[in-house]
Amino acid sequence: MSGEAPVLPDSEEAAADSTDGEGDNATNLRDWLTIGPIRFFAAVGIPAIGFMVLFWVFRFLRDSDANRILIVVVAIFVGVVGIFGLYWGMDRVNDQLPARIAQRVRPWIFVGPAVAILSLYLVWPAVQTIWLSFLDKDGEEFIGLDNYTFALTDDKMLTAFRNSVIWLILGTALAVGLGLTVASLVDRLKPRAEKIAKSIIFIPMAISFVGASVVWGFMYTFRAAGRPQIGLLNAIWTWFGNSPIFWLSKEPWNNILLIIVLVWLQTGFSMVILSAAIKGVPDDILEAGRIDGGSELQLFWRVVIPTIKSTLVVVTTTMIILILKVFDIVWVMTSGEFGTDVIATNMIRQAFRFFDDGKGAAIAVVLLIVVIPVMVLNVRRFREEEAMR
Amino acid sequence: MSVAYEIGMGEEARPKTLMERILDRWLVKLIVVIIAVLWLVPTAGLLVSSFRPADAITTSGWWTVFDKLADSRTWTIENYRQVMNADGMGNAFLNSLAVTIPATVIPITIAAFAAYAFAWMDFRGRQVLFVVVVGLMVVPLQMALIPLLKIYTGGANAFGIPIIPDLDLSGTYMGVWLAHTGFGLPLAIYLLRNYIGSLPASMMESASIDGASHFQTFIRLVVPISVPAIASFAIFQFLWVWNDFLVALVFLGGTPDVSVVTIKLAELVGSRGQDWQVLTAGAFVTMILPLTVFFGLQRFFVRGLTAGSVKG
């Protein structure tokens, strides 16, 4: 308690908020009156000002027709240095306040921008989406559950649900199953061979879903009979004497061909995580099992699997959530034609092609409802972990 | 221990012969090799094709090049020249850089500050807020798209009062940076908080005794120590943003001069679906940077992944 009047900060905005912060014989009410606005300002005001400055700089750059590379470089610079400067500035402003108040405001400077962005970009839009799902196409009239009736009974939506279920079951089973198989097999190889094999299977993790769609589109490509097949699948197929097939149009098998793309991309993910878990299974337990005459397969089912169960749950839920939102592969490879639509492609089509906000929102809410059990599971697991800390 | 005991029960304890063990090992090797080849072939086909002349690609399979590897007529870089210039992939590559780098650094900076506060600062609502962050990790980003695009193109009103002005963010880098920041933050905060929270309390105390402010402690002590965690999330977010299609489609889709590589490639699939010389080269252009980052920093990335989480 130094009793000094706060040194006026050079920023006008902060000055306006802190002039009455005498700090001496402050009552709770006065604390509240001072800290409240400052907190609010720290959390919302300063980021907003910083944001406006960044935005203005950027707008200026975009409109100035400068050299493209220069724009890119400046955009990167402003985006990176600007954000850091924002925190630094806020902390400096806060330093000017009486120590007791500054101490209570400071956590909000650290956490405020994150909270503000999360509220603006996730929480508030999610609430808004739920509201929109009860409104009509243009978000003007309340139409009750009509959008949900559409989402749950429309023919196209039913096909999408069927396909999403196929994706969820087959995609999850294959990506996790193959990941687990490879992880346990490479564990038996020499370290060098193991590393190479894992790298190869992991490579697709770096490839975009759109890129992978082109890679596999090329594998599945079709040429009329009699012409040389340039897609590997049809080349092999015709080599056995069959006539070439336009694979992606063959309902319902085309769904499986699309799922293969996802499995190719994501097996590496489950493999890496499961491999780390398998390496954590204590050797002495495995040895004891071997001495008792258990076969490798029995050891795998009765020792390895139970030990890595929690990791297996994490990998499976991650995969389920990822697959539920699968969009790019279907959008690029078939545009949802030939009975390959899934929930997420329907959502985008309704909202951004047919401009029907209500239906799009209702489908998004359906997606949210499906992931709520995973959300509960995650929060519960987090609570348990915290309790053990 | 009891697990090991149960395994012995009721099983005949016959040790394997040498022959069986050799067979086992070769079987494992064989299966791994088959899977590895299956995983490599699609990418190999793409890479080989992207260097073949257009007429060769459409008249023969890419696997036929192995007969005439040394023939100079087998290979060309014309496809890349075409796709980078005439098809605008070069421009899209620059746009992708301009979107991805800030969209990686901004969320990390914001998340690191927040993670420090969640781990080492005391404030009311800390627990509740963090549980909300954990919950937000799995919220499908589809939930946010429609209202966000509305804000971007028309601002927002609450009870008739404009609370967010019309910023016209749709079709700008800024709009995409912020969107990716919002969508990437929950995972970033979660991962970094787990790491920063596991640093020893004694270290923080001694920094505070030495008179370091929270800001100084954070910058001089916590950030340098947290480099591995920051790096692994940085790689994750970089790959995520670079490879993203959905967010870019919604917020940049209508503006051709800012399209990123994924948007450009999807467009090429639509407009030149059978011109495989363009598509294969284009696809490889979209992959080259993430593959490089990935191989250069694989160790960090794997470490980050194994920290285990779910992203929404």
# chains A, B, ... in the order shown; residues from 1 in each chain; ligands from 1
>>> residues_around(residues="range 291-298 of chain B", least_positions_apart="5", cutoff="10 Å", atoms="only C-alpha atoms", output="list in words")
Ser199, Phe202, Ile203, Pro204, Met205, Ala206 and Ile207 of chain A; Ala231, Ser232, Ile235, Phe236, Phe238, Leu239, Phe284, Thr286, Arg303 and Gly304 of chain B
>>> write_last_selection(atoms="N, CA and C atoms", output="PDB file, in the first residue's frame")
ATOM      1  N   SER A 199       7.414 -44.370 -40.721  1.00  0.00           N
ATOM      2  CA  SER A 199       7.445 -43.126 -41.490  1.00  0.00           C
ATOM      3  C   SER A 199       6.587 -43.238 -42.739  1.00  0.00           C
ATOM      4  N   PHE A 202       3.047 -43.081 -41.977  1.00  0.00           N
ATOM      5  CA  PHE A 202       2.710 -41.798 -41.373  1.00  0.00           C
ATOM      6  C   PHE A 202       2.668 -40.659 -42.399  1.00  0.00           C
ATOM      7  N   ILE A 203       3.370 -40.825 -43.535  1.00  0.00           N
ATOM      8  CA  ILE A 203       3.470 -39.743 -44.534  1.00  0.00           C
ATOM      9  C   ILE A 203       2.119 -39.094 -44.868  1.00  0.00           C
ATOM     10  N   PRO A 204       1.074 -39.888 -45.165  1.00  0.00           N
ATOM     11  CA  PRO A 204      -0.177 -39.257 -45.591  1.00  0.00           C
ATOM     12  C   PRO A 204      -0.753 -38.272 -44.571  1.00  0.00           C
ATOM     13  N   MET A 205      -0.361 -38.384 -43.292  1.00  0.00           N
ATOM     14  CA  MET A 205      -0.820 -37.423 -42.292  1.00  0.00           C
ATOM     15  C   MET A 205      -0.522 -35.984 -42.690  1.00  0.00           C
ATOM     16  N   ALA A 206       0.519 -35.793 -43.520  1.00  0.00           N
ATOM     17  CA  ALA A 206       0.901 -34.439 -43.908  1.00  0.00           C
ATOM     18  C   ALA A 206       0.140 -33.967 -45.136  1.00  0.00           C
ATOM     19  N   ILE A 207      -0.640 -34.859 -45.739  1.00  0.00           N
ATOM     20  CA  ILE A 207      -1.317 -34.520 -46.995  1.00  0.00           C
ATOM     21  C   ILE A 207      -2.745 -34.073 -46.698  1.00  0.00           C
TER      22      ILE A 207
ATOM     23  N   ALA B 231       6.490 -26.045 -30.204  1.00  0.00           N
ATOM     24  CA  ALA B 231       6.845 -26.518 -31.543  1.00  0.00           C
ATOM     25  C   ALA B 231       5.877 -27.600 -32.011  1.00  0.00           C
ATOM     26  N   SER B 232       5.525 -28.520 -31.110  1.00  0.00           N
ATOM     27  CA  SER B 232       4.663 -29.603 -31.582  1.00  0.00           C
ATOM     28  C   SER B 232       3.281 -29.084 -31.918  1.00  0.00           C
ATOM     29  N   ILE B 235       3.511 -27.223 -35.364  1.00  0.00           N
ATOM     30  CA  ILE B 235       3.498 -28.097 -36.535  1.00  0.00           C
ATOM     31  C   ILE B 235       2.085 -28.596 -36.795  1.00  0.00           C
ATOM     32  N   PHE B 236       1.430 -28.993 -35.707  1.00  0.00           N
ATOM     33  CA  PHE B 236       0.065 -29.476 -35.831  1.00  0.00           C
ATOM     34  C   PHE B 236      -0.833 -28.427 -36.467  1.00  0.00           C
ATOM     35  N   PHE B 238       0.069 -25.747 -38.148  1.00  0.00           N
ATOM     36  CA  PHE B 238       0.524 -25.421 -39.499  1.00  0.00           C
ATOM     37  C   PHE B 238      -0.076 -26.400 -40.509  1.00  0.00           C
ATOM     38  N   LEU B 239       0.050 -27.689 -40.217  1.00  0.00           N
ATOM     39  CA  LEU B 239      -0.489 -28.699 -41.135  1.00  0.00           C
ATOM     40  C   LEU B 239      -2.005 -28.551 -41.245  1.00  0.00           C
ATOM     41  N   PHE B 284       0.793 -32.177 -56.093  1.00  0.00           N
ATOM     42  CA  PHE B 284       2.115 -32.262 -55.485  1.00  0.00           C
ATOM     43  C   PHE B 284       2.574 -30.901 -54.956  1.00  0.00           C
ATOM     44  N   THR B 286       0.632 -28.718 -53.640  1.00  0.00           N
ATOM     45  CA  THR B 286      -0.018 -28.498 -52.338  1.00  0.00           C
ATOM     46  C   THR B 286       0.658 -29.309 -51.230  1.00  0.00           C
ATOM     47  N   ARG B 303       5.598 -36.203 -30.848  1.00  0.00           N
ATOM     48  CA  ARG B 303       5.511 -35.941 -29.422  1.00  0.00           C
ATOM     49  C   ARG B 303       4.220 -35.190 -29.097  1.00  0.00           C
ATOM     50  N   GLY B 304       3.887 -34.259 -29.956  1.00  0.00           N
ATOM     51  CA  GLY B 304       2.668 -33.494 -29.730  1.00  0.00           C
ATOM     52  C   GLY B 304       1.436 -34.370 -29.841  1.00  0.00           C
TER      53      GLY B 304
END
>>> select_by_dssp(residues="range 112-250 of chain B", states="alpha helix (DSSP H)", output="ChimeraX atom specification")
/B:112-120,126-136,142-154,173-197,201-209,214-216,223-225,227-243,246-250
>>> residues_around(residues="Phe130 in chain B", least_positions_apart="4", cutoff="8 Å", atoms="only C-alpha atoms", output="list of chain:residue names")
B:Phe118, B:Arg126, B:Val134
>>> write_last_selection(atoms="C-alpha atoms", output="CSV table (one decimal), in the first residue's frame")
chain,number,residue,atom,x,y,z
B,118,PHE,CA,-4.6,-21.2,-16.3
B,126,ARG,CA,-10.3,-20.5,-13.5
B,134,VAL,CA,-11.9,-28.8,-22.8
>>> closest_residue(among="B:Val269, B:Val176, B:Leu129, B:Val278", to="Thr100 in chain B", atoms="only C-alpha atoms")
B:Val176
>>> atom_distance(atom1="CA of Ala351 in chain A", atom2="CA of Ser170 in chain B")
15.6 Å
>>> closest_residue(among="B:Ala44, B:Ala212, B:Val250, B:Ala114", to="chain A", atoms="only C-alpha atoms")
B:Ala114
>>> atom_distance(atom1="CA of Gly197 in chain B", atom2="CA of Asp210 in chain B")
20.4 Å
>>> closest_residue(among="A:Glu251, A:Glu385, A:Asp91, A:Asp146", to="chain B", atoms="only C-alpha atoms")
A:Asp91
>>> closest_residue(among="A:Val261, A:Val304, A:Ile49, A:Val365", to="chain B", atoms="only C-alpha atoms")
A:Val365
>>> closest_residue(among="B:Gly253, B:Gly45, B:Gly61, B:Gly175", to="Asn234 in chain A", atoms="only C-alpha atoms")
B:Gly61
>>> residues_around(residues="Phe300 in chain A", least_positions_apart="5", cutoff="10 Å", atoms="only C-alpha atoms", output="PyMOL selection string")
chain A and resi 184+278+286+294-295+305-307
>>> atom_distance(atom1="CA of Gly177 in chain A", atom2="CA of Trp216 in chain A")
21.1 Å
>>> residues_around(residues="Arg353 in chain A", least_positions_apart="5", cutoff="12 Å", atoms="only C-alpha atoms", output="PyMOL selection string")
(chain A and resi 345-348+359-360) or (chain B and resi 146+249-250+253-254)
>>> residues_around(residues="Leu122 in chain A", least_positions_apart="6", cutoff="8 Å", atoms="only C-alpha atoms", output="list of chain:residue names")
B:Leu136, B:Leu141, B:Met143, B:Ala144, B:Gly182, B:Phe183
>>> write_last_selection(atoms="C-alpha atoms", output="compact mmCIF listing (two decimals), in the first residue's frame")
# COMPACT_ATOMS: atom_id res chain seq x y z
CA LEU B 136 -15.04 -26.71 -26.80
CA LEU B 141 -16.70 -26.13 -36.39
CA MET B 143 -21.64 -25.00 -35.59
CA ALA B 144 -19.80 -21.71 -36.03
CA GLY B 182 -10.76 -19.41 -32.78
CA PHE B 183 -10.99 -23.01 -33.97
>>> closest_residue(among="B:Ala119, B:Val41, B:Leu149, B:Val138", to="chain A", atoms="only C-alpha atoms")
B:Val138
>>> residues_around(residues="range 46-59 of chain B", least_positions_apart="3", cutoff="6 Å", atoms="only C-alpha atoms", output="PyMOL selection string")
chain B and resi 43+62+75-77+277+280-281
